[in-house]
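Coordinates as given in coords.txt (compact mmCIF, C-alpha atoms and all ligand atoms):
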```
# COMPACT_ATOMS: atom_id res chain seq x y z
CA MET J 10 0.00 0.00 0.00
CA ARG J 11 0.96 3.64 -0.38
CA ILE J 12 0.78 5.39 2.96
CA LEU J 13 0.81 9.15 3.54
CA VAL J 14 2.11 10.26 6.94
CA THR J 15 1.58 13.97 7.62
CA GLY J 16 4.11 15.10 10.22
CA GLY J 17 6.25 12.08 9.32
CA ALA J 18 9.52 13.81 10.21
CA GLY J 19 8.26 14.31 13.75
CA PHE J 20 8.74 12.11 16.77
CA ILE J 21 5.79 9.70 16.40
CA GLY J 22 5.53 10.16 12.61
CA SER J 23 9.12 9.03 11.99
CA HIS J 24 8.63 5.86 14.05
CA LEU J 25 5.34 5.21 12.25
CA SER J 26 6.98 5.74 8.84
CA GLU J 27 9.70 3.28 9.80
CA ALA J 28 7.12 0.67 10.87
CA CYS J 29 5.08 1.15 7.67
CA LEU J 30 8.25 0.65 5.59
CA ALA J 31 9.08 -2.46 7.62
CA ALA J 32 5.58 -3.77 6.83
CA GLY J 33 6.40 -3.44 3.12
CA HIS J 34 4.46 -0.25 2.32
CA GLU J 35 5.53 2.77 0.26
CA VAL J 36 5.65 5.78 2.56
CA TYR J 37 5.07 9.42 1.62
CA VAL J 38 5.82 12.06 4.22
CA ILE J 39 4.82 15.71 4.25
CA ASP J 40 6.38 17.79 6.98
CA ASP J 41 7.31 21.48 7.22
CA LEU J 42 9.97 20.70 9.87
CA SER J 43 8.48 23.26 12.27
CA THR J 44 9.01 20.89 15.22
CA GLY J 45 10.18 17.83 13.29
CA SER J 46 13.64 17.25 11.86
CA THR J 47 15.28 15.55 8.88
CA LYS J 48 17.53 13.88 11.48
CA ASN J 49 14.53 11.72 12.41
CA ILE J 50 14.22 10.30 8.88
CA LEU J 51 17.78 10.43 7.58
CA HIS J 52 18.26 6.71 8.22
CA LEU J 53 15.21 6.01 6.02
CA GLN J 54 16.44 8.27 3.22
CA ASP J 55 19.99 6.90 3.36
CA ASP J 56 19.15 3.20 3.44
CA PRO J 57 19.29 1.99 -0.19
CA ALA J 58 16.76 -0.77 0.57
CA LEU J 59 14.24 1.72 2.00
CA SER J 60 14.88 4.93 0.08
CA GLN J 61 13.18 3.47 -3.03
CA ARG J 62 9.95 3.31 -1.03
CA PHE J 63 10.32 6.46 1.06
CA PHE J 64 9.40 9.92 -0.29
CA PHE J 65 9.82 13.08 1.77
CA HIS J 66 8.19 16.42 0.87
CA ARG J 67 9.21 19.42 2.90
CA ASP J 68 6.00 21.42 2.76
CA THR J 69 3.03 22.53 4.82
CA ILE J 70 -0.23 20.61 4.96
CA LEU J 71 -1.86 23.97 4.19
CA ASN J 72 -0.50 23.69 0.61
CA ARG J 73 -3.68 22.43 -1.00
CA GLU J 74 -2.17 21.47 -4.37
CA MET J 75 0.56 19.41 -2.78
CA MET J 76 -1.93 17.75 -0.45
CA MET J 77 -4.26 16.94 -3.39
CA GLU J 78 -1.42 15.22 -5.15
CA LEU J 79 -0.33 13.27 -2.08
CA VAL J 80 -3.78 12.22 -0.86
CA GLY J 81 -4.69 11.34 -4.46
CA THR J 82 -1.56 9.15 -4.77
CA CYS J 83 -1.84 7.28 -1.47
CA ASP J 84 -4.21 4.56 -0.29
CA ALA J 85 -4.39 5.59 3.36
CA VAL J 86 -3.45 8.64 5.43
CA TYR J 87 -2.12 8.99 8.97
CA HIS J 88 -2.66 12.63 9.93
CA LEU J 89 -0.12 13.52 12.61
CA ALA J 90 1.02 16.98 11.51
CA ALA J 91 0.05 19.52 14.15
CA ALA J 92 1.31 22.35 16.27
CA VAL J 93 2.32 20.37 19.37
CA GLY J 94 3.67 20.96 22.85
CA VAL J 95 2.51 23.32 25.57
CA GLN J 96 5.38 25.76 25.10
CA TYR J 97 5.03 25.80 21.30
CA ILE J 98 1.27 26.51 21.54
CA LEU J 99 1.84 29.37 24.00
CA ASP J 100 4.57 30.84 21.79
CA ASN J 101 2.62 30.47 18.51
CA PRO J 102 -1.06 30.86 19.43
CA LEU J 103 -2.56 31.86 16.06
CA HIS J 104 -0.36 29.69 13.87
CA SER J 105 -1.20 26.67 16.06
CA ILE J 106 -4.94 27.15 15.66
CA ARG J 107 -4.56 27.51 11.86
CA ILE J 108 -2.57 24.29 11.47
CA ASN J 109 -4.67 22.25 13.85
CA ILE J 110 -8.06 23.37 12.58
CA GLN J 111 -7.70 24.48 8.93
CA GLY J 112 -4.97 21.93 8.20
CA THR J 113 -6.93 19.00 9.58
CA GLU J 114 -10.13 20.13 7.86
CA MET J 115 -8.33 20.12 4.52
CA VAL J 116 -6.86 16.66 5.13
CA LEU J 117 -10.34 15.35 5.95
CA GLU J 118 -11.97 17.09 2.99
CA LEU J 119 -9.41 15.63 0.56
CA CYS J 120 -9.65 12.14 2.08
CA ALA J 121 -13.43 12.31 1.66
CA LYS J 122 -13.06 13.59 -1.92
CA PHE J 123 -10.59 10.85 -2.93
CA LYS J 124 -12.24 8.19 -0.70
CA LYS J 125 -9.11 7.43 1.33
CA ARG J 126 -9.12 5.98 4.83
CA VAL J 127 -7.62 8.35 7.38
CA LEU J 128 -6.46 8.16 11.00
CA ILE J 129 -6.54 11.39 12.98
CA ALA J 130 -4.10 11.84 15.87
CA SER J 131 -6.04 13.57 18.63
CA SER J 132 -4.88 14.08 22.20
CA SER J 133 -5.74 13.30 25.81
CA GLU J 134 -5.64 17.09 26.24
CA VAL J 135 -9.16 17.00 24.79
CA TYR J 136 -10.47 15.77 28.17
CA GLY J 137 -9.49 19.02 29.88
CA LYS J 138 -9.39 19.43 33.66
CA HIS J 139 -10.72 16.15 35.01
CA LEU J 140 -9.69 14.92 38.44
CA HIS J 141 -11.04 11.41 38.11
CA ALA J 142 -9.32 8.43 36.56
CA PRO J 143 -9.44 6.57 34.32
CA LEU J 144 -10.78 8.73 31.48
CA THR J 145 -13.19 7.04 29.08
CA GLU J 146 -13.97 8.12 25.55
CA THR J 147 -17.54 9.16 26.47
CA ASP J 148 -16.53 11.38 29.42
CA ASN J 149 -17.62 15.01 29.51
CA ILE J 150 -15.05 17.66 28.74
CA ILE J 151 -14.05 20.53 31.05
CA TYR J 152 -11.91 23.46 29.88
CA GLY J 153 -10.57 26.63 31.41
CA PRO J 154 -11.30 30.10 30.03
CA SER J 155 -10.21 31.21 26.56
CA SER J 156 -7.81 33.71 28.17
CA LYS J 157 -5.66 30.67 29.09
CA PHE J 158 -4.19 29.76 25.75
CA ARG J 159 -3.11 26.27 26.69
CA TRP J 160 -6.77 25.23 26.17
CA SER J 161 -6.64 26.27 22.50
CA TYR J 162 -4.71 23.08 21.74
CA ALA J 163 -7.34 20.94 23.48
CA ALA J 164 -10.18 22.82 21.79
CA SER J 165 -8.55 22.59 18.34
CA LYS J 166 -8.03 18.83 18.71
CA LEU J 167 -11.65 18.49 19.86
CA MET J 168 -12.76 20.44 16.77
CA ASP J 169 -10.69 18.01 14.66
CA GLU J 170 -12.62 15.14 16.20
CA PHE J 171 -16.00 16.80 15.50
CA THR J 172 -14.95 17.54 11.91
CA ALA J 173 -13.74 13.96 11.35
CA LEU J 174 -16.98 12.50 12.72
CA ALA J 175 -19.02 14.97 10.64
CA TYR J 176 -17.22 13.91 7.43
CA HIS J 177 -17.85 10.30 8.41
CA ARG J 178 -21.57 10.93 8.81
CA VAL J 179 -22.10 13.30 5.90
CA SER J 180 -19.68 11.92 3.27
CA GLY J 181 -19.12 8.36 4.46
CA LEU J 182 -15.43 9.12 5.08
CA GLU J 183 -13.58 6.14 6.56
CA VAL J 184 -11.93 7.65 9.60
CA VAL J 185 -10.63 6.54 12.98
CA ILE J 186 -9.57 8.87 15.78
CA ALA J 187 -6.77 8.07 18.24
CA ARG J 188 -6.69 10.11 21.46
CA LEU J 189 -3.02 9.79 22.32
CA PHE J 190 -1.91 10.13 25.93
CA ASN J 191 1.71 11.14 26.70
CA THR J 192 3.87 9.26 24.23
CA VAL J 193 7.60 8.98 24.79
CA GLY J 194 10.74 7.36 23.43
CA PRO J 195 13.83 8.03 21.37
CA ARG J 196 13.77 11.14 19.10
CA GLN J 197 11.31 13.11 21.21
CA THR J 198 12.66 16.56 21.90
CA GLY J 199 12.23 18.43 25.17
CA ALA J 200 12.46 21.76 23.36
CA TYR J 201 8.67 22.31 23.27
CA GLY J 202 7.84 21.38 26.84
CA MET J 203 7.67 17.54 26.76
CA VAL J 204 8.39 16.45 30.30
CA ILE J 205 10.48 13.25 30.04
CA PRO J 206 13.07 14.50 27.53
CA ARG J 207 13.25 17.82 29.38
CA LEU J 208 13.87 16.26 32.80
CA THR J 209 16.21 13.62 31.36
CA ALA J 210 18.34 16.28 29.65
CA GLN J 211 18.55 18.15 32.97
CA ALA J 212 19.54 14.97 34.84
CA LEU J 213 22.22 14.06 32.29
CA SER J 214 23.76 17.53 32.35
CA GLY J 215 23.75 17.77 36.16
CA GLN J 216 21.22 20.64 36.16
CA PRO J 217 18.34 20.74 38.67
CA LEU J 218 15.24 18.89 37.43
CA THR J 219 12.57 21.58 37.20
CA VAL J 220 9.16 20.33 38.28
CA TYR J 221 6.20 22.70 37.89
CA GLY J 222 3.80 23.39 40.77
CA ASP J 223 3.99 20.97 43.69
CA GLY J 224 4.74 17.99 41.45
CA ALA J 225 1.63 16.11 42.60
CA GLN J 226 0.06 16.16 39.12
CA THR J 227 0.09 12.68 37.55
CA ARG J 228 0.44 11.27 34.05
CA THR J 229 0.85 7.93 32.30
CA PHE J 230 3.45 7.41 29.58
CA THR J 231 3.41 5.10 26.57
CA HIS J 232 6.39 3.96 24.55
CA VAL J 233 6.24 5.23 20.98
CA ALA J 234 6.61 1.66 19.65
CA ASP J 235 3.42 0.67 21.48
CA VAL J 236 1.62 3.73 20.12
CA VAL J 237 2.73 2.96 16.56
CA GLU J 238 1.44 -0.59 16.93
CA ALA J 239 -1.90 0.80 18.15
CA LEU J 240 -2.15 3.29 15.26
CA MET J 241 -1.42 0.61 12.65
CA GLY J 242 -3.89 -1.76 14.32
CA LEU J 243 -6.62 0.89 14.33
CA MET J 244 -5.97 1.69 10.67
CA ALA J 245 -6.04 -1.98 9.64
CA SER J 246 -9.18 -3.03 11.50
CA PRO J 247 -12.50 -2.68 9.62
CA ASN J 248 -14.35 -2.40 12.97
CA THR J 249 -12.79 0.91 13.97
CA ASN J 250 -14.37 3.02 11.22
CA GLY J 251 -16.07 6.14 12.63
CA GLU J 252 -14.82 5.38 16.16
CA LEU J 253 -12.61 7.14 18.68
CA TYR J 254 -10.09 5.39 20.96
CA ASN J 255 -7.87 6.25 23.90
CA VAL J 256 -4.28 5.16 23.25
CA GLY J 257 -2.11 5.24 26.35
CA GLY J 258 -0.24 3.57 29.16
CA ILE J 259 -1.68 2.62 32.53
CA GLU J 260 1.11 3.25 35.09
CA GLU J 261 0.18 6.52 36.83
CA ILE J 262 3.05 8.54 38.27
CA SER J 263 3.34 12.02 39.81
CA MET J 264 5.80 14.49 38.29
CA ALA J 265 7.76 14.61 41.57
CA ASP J 266 8.14 10.80 41.53
CA LEU J 267 8.96 10.88 37.82
CA ALA J 268 11.82 13.30 38.50
CA LYS J 269 13.13 11.03 41.28
CA ARG J 270 12.89 7.98 38.99
CA ILE J 271 14.82 9.79 36.23
CA ILE J 272 17.54 10.78 38.72
CA ARG J 273 17.83 7.13 39.80
CA ILE J 274 17.86 5.69 36.27
CA THR J 275 20.41 8.17 34.94
CA ASP J 276 22.49 7.89 38.12
CA SER J 277 22.47 11.67 38.30
CA LYS J 278 23.60 13.94 41.17
CA SER J 279 20.95 16.53 40.23
CA LYS J 280 18.39 17.80 42.71
CA ILE J 281 14.72 18.60 42.10
CA GLN J 282 13.71 22.26 41.89
CA TYR J 283 10.03 23.17 42.17
CA ILE J 284 8.95 26.14 40.02
CA SER J 285 5.59 27.87 40.22
CA TYR J 286 3.40 27.78 37.12
CA GLU J 287 3.44 31.59 37.01
CA ASP J 288 7.24 31.59 36.74
CA ALA J 289 7.36 28.69 34.27
CA PHE J 290 4.58 29.98 31.98
CA PRO J 291 4.14 33.75 32.32
CA GLN J 292 1.75 33.70 29.28
CA GLY J 293 -0.96 32.02 31.35
CA PHE J 294 -1.24 28.35 32.08
CA GLU J 295 -3.41 25.81 33.84
CA ASP J 296 -2.32 22.25 34.35
CA MET J 297 -4.33 19.05 34.44
CA GLN J 298 -3.98 17.22 37.76
CA ARG J 299 -4.47 13.72 36.42
CA ARG J 300 -4.54 12.06 33.03
CA VAL J 301 -5.00 8.30 33.01
CA PRO J 302 -6.72 6.47 30.15
CA ASP J 303 -9.25 3.69 30.21
CA ILE J 304 -7.96 1.53 27.38
CA SER J 305 -10.66 -1.14 27.46
CA LYS J 306 -12.23 0.09 24.19
CA ILE J 307 -9.05 -0.22 22.11
CA ASN J 308 -8.21 -3.46 23.89
CA ALA J 309 -11.57 -4.94 22.88
CA ALA J 310 -11.24 -3.62 19.29
CA ILE J 311 -7.67 -4.66 18.42
CA GLY J 312 -6.26 -6.33 21.54
CA PHE J 313 -3.97 -3.38 22.31
CA GLU J 314 -1.97 -3.41 25.52
CA PRO J 315 1.26 -1.44 26.06
CA LYS J 316 4.29 -3.73 26.30
CA ASN J 317 7.00 -1.35 27.53
CA ASP J 318 6.97 -0.20 31.17
CA LEU J 319 8.10 3.20 32.41
CA ASP J 320 11.61 2.11 33.45
CA THR J 321 12.23 0.73 29.95
CA ILE J 322 11.03 4.01 28.44
CA LEU J 323 13.22 6.11 30.75
CA ARG J 324 16.31 3.97 30.10
CA GLN J 325 15.83 4.22 26.33
CA VAL J 326 15.30 7.98 26.41
CA ALA J 327 18.45 8.42 28.52
CA TRP J 328 20.43 6.13 26.20
CA TYR J 329 19.20 8.07 23.14
CA MET J 330 20.09 11.41 24.67
CA ARG J 331 23.53 10.21 25.71
CA THR J 332 24.30 8.88 22.24
CA HIS J 333 22.66 11.67 20.21
CA HIS J 334 23.38 14.67 22.46
CA SER J 335 19.79 15.88 22.05
CA SER J 336 17.93 18.20 24.42
N1 LIG G 401 3.77 13.01 21.74
C1 LIG G 401 2.67 12.99 22.48
O1 LIG G 401 2.74 12.73 23.68
C2 LIG G 401 1.31 13.27 21.88
C3 LIG G 401 0.20 13.23 22.74
C4 LIG G 401 -1.04 13.49 22.21
C5 LIG G 401 -1.20 13.73 20.86
N2 LIG G 401 -0.11 13.76 20.04
C6 LIG G 401 -0.33 14.05 18.62
O2 LIG G 401 0.47 13.20 17.81
C7 LIG G 401 0.89 13.91 16.64
C8 LIG G 401 2.41 13.81 16.49
O3 LIG G 401 3.01 14.43 17.62
P1 LIG G 401 4.57 14.28 17.97
O4 LIG G 401 4.67 14.08 19.43
O5 LIG G 401 5.20 13.33 17.06
O6 LIG G 401 5.07 15.76 17.73
P2 LIG G 401 6.10 16.33 16.64
O7 LIG G 401 6.13 17.79 16.87
O8 LIG G 401 7.37 15.59 16.71
O9 LIG G 401 5.35 15.98 15.28
C9 LIG G 401 4.51 16.86 14.59
C10 LIG G 401 5.08 17.01 13.21
O10 LIG G 401 4.20 17.82 12.42
C11 LIG G 401 4.99 18.71 11.66
N3 LIG G 401 4.15 19.84 11.28
C12 LIG G 401 3.66 20.80 12.10
N4 LIG G 401 2.94 21.68 11.38
C13 LIG G 401 2.98 21.25 10.09
C14 LIG G 401 2.44 21.74 8.88
N5 LIG G 401 1.72 22.85 8.83
N6 LIG G 401 2.68 21.05 7.74
C15 LIG G 401 3.43 19.91 7.74
N7 LIG G 401 3.97 19.42 8.88
C16 LIG G 401 3.75 20.08 10.02
C17 LIG G 401 6.14 19.07 12.56
O11 LIG G 401 7.28 19.59 11.88
C18 LIG G 401 6.44 17.72 13.21
O12 LIG G 401 7.37 16.98 12.47
C19 LIG G 401 0.36 15.31 16.77
O13 LIG G 401 -0.85 15.44 16.05
C20 LIG G 401 0.08 15.46 18.26
O14 LIG G 401 -0.94 16.38 18.53
C21 LIG G 401 1.15 13.54 20.52
```
How does this structure look as structure tokens?
Amino acid sequence: MRILVTGGAGFIGSHLSEACLAAGHEVYVIDDLSTGSTKNILHLQDDPALSQRFFFHRDTILNREMMMELVGTCDAVYHLAAAVGVQYILDNPLHSIRINIQGTEMVLELCAKFKKRVLIASSSEVYGKHLHAPLTETDNIIYGPSSKFRWSYAASKLMDEFTALAYHRVSGLEVVIARLFNTVGPRQTGAYGMVIPRLTAQALSGQPLTVYGDGAQTRTFTHVADVVEALMGLMASPNTNGELYNVGGIEEISMADLAKRIIRITDSKSKIQYISYEDAFPQGFEDMQRRVPDISKINAAIGFEPKNDLDTILRQVAWYMRTHHSS
């Protein structure tokens, strides 16, 4: 099959592209390299056995002509391109909304026009400020005020979900939505606010690990390889059409404990430094206290269960950062 991966030079997209190539597909990537990097896909471009089946286009998904050509050429589309990361959203508020709303709408419109199956990468951010766990796909959604720009990412991803489901109902578009919870692993950068690469880089360089607030807020983390397996399973299954699934890990950990675990795993002498949200995000920020997925729906649909535990993830991230000097 010919597979289009939007955002394929990004963290998850590059791993997905690799897995699609390994499964024997031709892979087309469109990425404007705003947060992605050619470093993530160089090994695919340089490998003579893979480069015949791997095609990279440095462009924006807002380029309609290019997108028409790519969606028209391919059999299925993984839509991962997005403005991502708390810090990036706060720094680029308008641009982020454009990419995440207009960009996704165009992808969906073209997939409906050319009758191509599409997977939309949504986010656990969509749930907003819940305190309960685990979060199920049918839960209500609670956001903060529009003056707090961090919610624009959640709202734009929610709008993507509505638009995808509307195309499914109105045009019969074959679409599946994956609500990804924190995904981690090699190649993720800490530059846009992602917590594990950021804390690991601090631990490896002997800097204090900066934890926001009191560190009691909890998350779960999923290895990117597990997420890629889930995405490919959702795309391949005929039963997932028009459905929405949580994709995430189940081990809940507070940010204070995560920092301690990273110090232990990296054998670092660093200390933990607690920073108030006001100091960390002067542009206005609200955090979510808990974010734990109920994964029974995806488990029933495709048998998904994460295989890699948190220690494995942390060891691999530390190894990657040591060997690639990334931040
Ligand atoms: N990593 C996570 O924990 C996580 C959690 C929830 C949802 N997601 C979603 O998964 C997807 C991939 O995220 P990621 O973590 O790999 O982040 P990433 O930043 O590494 O990947 C996004 C990619 O999209 C590209 N991109 C951005 N705007 C573009 C545009 N206009 N045209 C073409 N390419 C563009 C970026 O350059 C980047 O390569 C995103 O849709 C994100 O919202 C990720």
Taking every listed atom of ligand LIG 401 (chain G) and adding 6 Å to each side, what centre and edge lengths in Å (one decimal) does the axis-aligned box have, as lines of an AutoDock Vina configuration file?
```
center_x = 3.1
center_y = 17.8
center_z = 15.7
size_x = 20.6
size_y = 22.1
size_z = 27.9
```
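Shortest atom-to-atom contact with ligand LIG 401 (chain G) among J:Ser60, J:Ser105, J:Asn191, J:Gln325: J:Asn191, counting all atoms listed in the file.
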Go through J:Val185, J:Ala173, J:Ile12, J:Leu240 and flag the residue nearest ligand LIG 401 (chain G), using all atoms listed in the file for the distances.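 Once distances to ligand LIG 401 (chain G) are computed over all atoms listed in the file, the minimum belongs to J:Leu240.
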Sorted by chain and rising residue number, which residues of segment 126-232 of chain J lie within 12 Å of segment 14-29 of chain J, and what are their closest atom pairs and distances in Å to one decimal, counting all atoms listed in the file, as a tab-separated table?
```
residue	atom	partner	partner_atom	distance
J:Val127	CA	J:Val14	CA	9.9
J:Leu128	CA	J:Val14	CA	9.7
J:Ile129	CA	J:Thr15	CA	10.1
J:Ala130	CA	J:Ile21	CA	10.1
J:Leu189	CA	J:Ile21	CA	10.6
J:Asn191	CA	J:Ile21	CA	11.2
J:Thr192	CA	J:Ile21	CA	8.1
J:Val193	CA	J:Ile21	CA	8.6
J:Gly194	CA	J:Phe20	CA	8.4
J:Pro195	CA	J:Phe20	CA	8.0
J:Arg196	CA	J:Phe20	CA	5.6
J:Gln197	CA	J:Phe20	CA	5.2
J:Thr198	CA	J:Phe20	CA	7.8
J:Gly199	CA	J:Phe20	CA	11.1
J:Met203	CA	J:Phe20	CA	11.4
J:Pro206	CA	J:Phe20	CA	11.8
J:Thr231	CA	J:Ile21	CA	11.4
J:His232	CA	J:Ile21	CA	10.0
```
Residue nearest ligand LIG 401 (chain G) - candidates J:Pro57, J:Gly257, J:Gly215, J:Gly242, atoms counted: only C-alpha atoms and all ligand atoms: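 Counting only C-alpha atoms and all ligand atoms, the residue closest to ligand LIG 401 (chain G) is J:Gly257.
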Can you measure atom CA of Ala164 of chain J to atom C5 of ligand LIG 401 (chain G) for me? One decimal in Å is fine.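 Atom-to-atom, atom CA of Ala164 of chain J and atom C5 of ligand LIG 401 (chain G) are spaced 12.8 Å apart.
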Report the distance between atom CA of Val184 of chain J and atom CA of Ala85 of chain J in Å, rounded to one decimal place.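 Going from atom CA of Val184 of chain J over to atom CA of Ala85 of chain J covers 10.0 Å.
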J:Gly137, J:Gly224, J:Gly258, J:Gly94 ranked by distance to ligand LIG 401 (chain G), top pick (using only C-alpha atoms and all ligand atoms):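 Looking only at the distances to ligand LIG 401 (chain G), the closest residue turns out to be J:Gly94.
In terms of minimum interatomic distance to ligand LIG 401 (chain G), J:His88 ranks closest within J:His34, J:Lys48, J:Arg62, J:His88, counting only C-alpha atoms and all ligand atoms.
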The residue from J:Lys278, J:Val233, J:Val301, J:Ser214 with the smallest atom-to-atom distance to Ser263 of chain J, counting all atoms listed in the file, is J:Val301
Skipping near chain neighbours, those fewer than 6 positions away, what residues fall within 10 Å of Gly81 of chain J using all atoms listed in the file, listed as a tab-separated table (two decimals) with C-alpha atoms, keeping the file's coordinate frame?
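around.tsv, freshly written:
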```tsv
chain	number	residue	atom	x	y	z
J	13	LEU	CA	0.81	9.15	3.54
J	75	MET	CA	0.56	19.41	-2.78
J	119	LEU	CA	-9.41	15.63	0.56
J	120	CYS	CA	-9.65	12.14	2.08
J	122	LYS	CA	-13.06	13.59	-1.92
J	123	PHE	CA	-10.59	10.85	-2.93
J	124	LYS	CA	-12.24	8.19	-0.70
J	125	LYS	CA	-9.11	7.43	1.33
```
Would you work out the distance separating atom CA of Ala212 of chain J from atom CA of Thr47 of chain J, expressed in Å to one decimal? 26.3 Å
Name the residues in contact with Thr229 of chain J at a cut-off of 12 Å, using only C-alpha atoms, excluding same-chain residues fewer than 3 positions from it; report them as a count of residues only. 34
For Thr44 of chain J, please output as a list in words all residues within 8 Å (counting only C-alpha atoms; exclusion window: fewer than 2 positions along the same chain).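 After dropping sequence-adjacent residues, the list is Gly19, Leu42, Ser46, Ala92 and Val93 of chain J.
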Writer output for current selection, C-alpha atoms, as a CSV table (one decimal), in the coordinates of the input:
```csv
chain,number,residue,atom,x,y,z
J,19,GLY,CA,8.3,14.3,13.8
J,42,LEU,CA,10.0,20.7,9.9
J,46,SER,CA,13.6,17.2,11.9
J,92,ALA,CA,1.3,22.4,16.3
J,93,VAL,CA,2.3,20.4,19.4
```
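Residues lying within 9 Å of Asp320 of chain J, counting only C-alpha atoms and ignoring same-chain neighbours fewer than 5 positions away, are Arg270, Ile271, Ile274 and Gln325 of chain J.
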Env of Thr275 of chain J: 9 Å cut, atoms = only C-alpha atoms, seq-sep filter 2 positions within chain, self excluded. Answer as a PyMOL selection string. chain J and resi 209+212-213+270-273+277+323-324+327-328
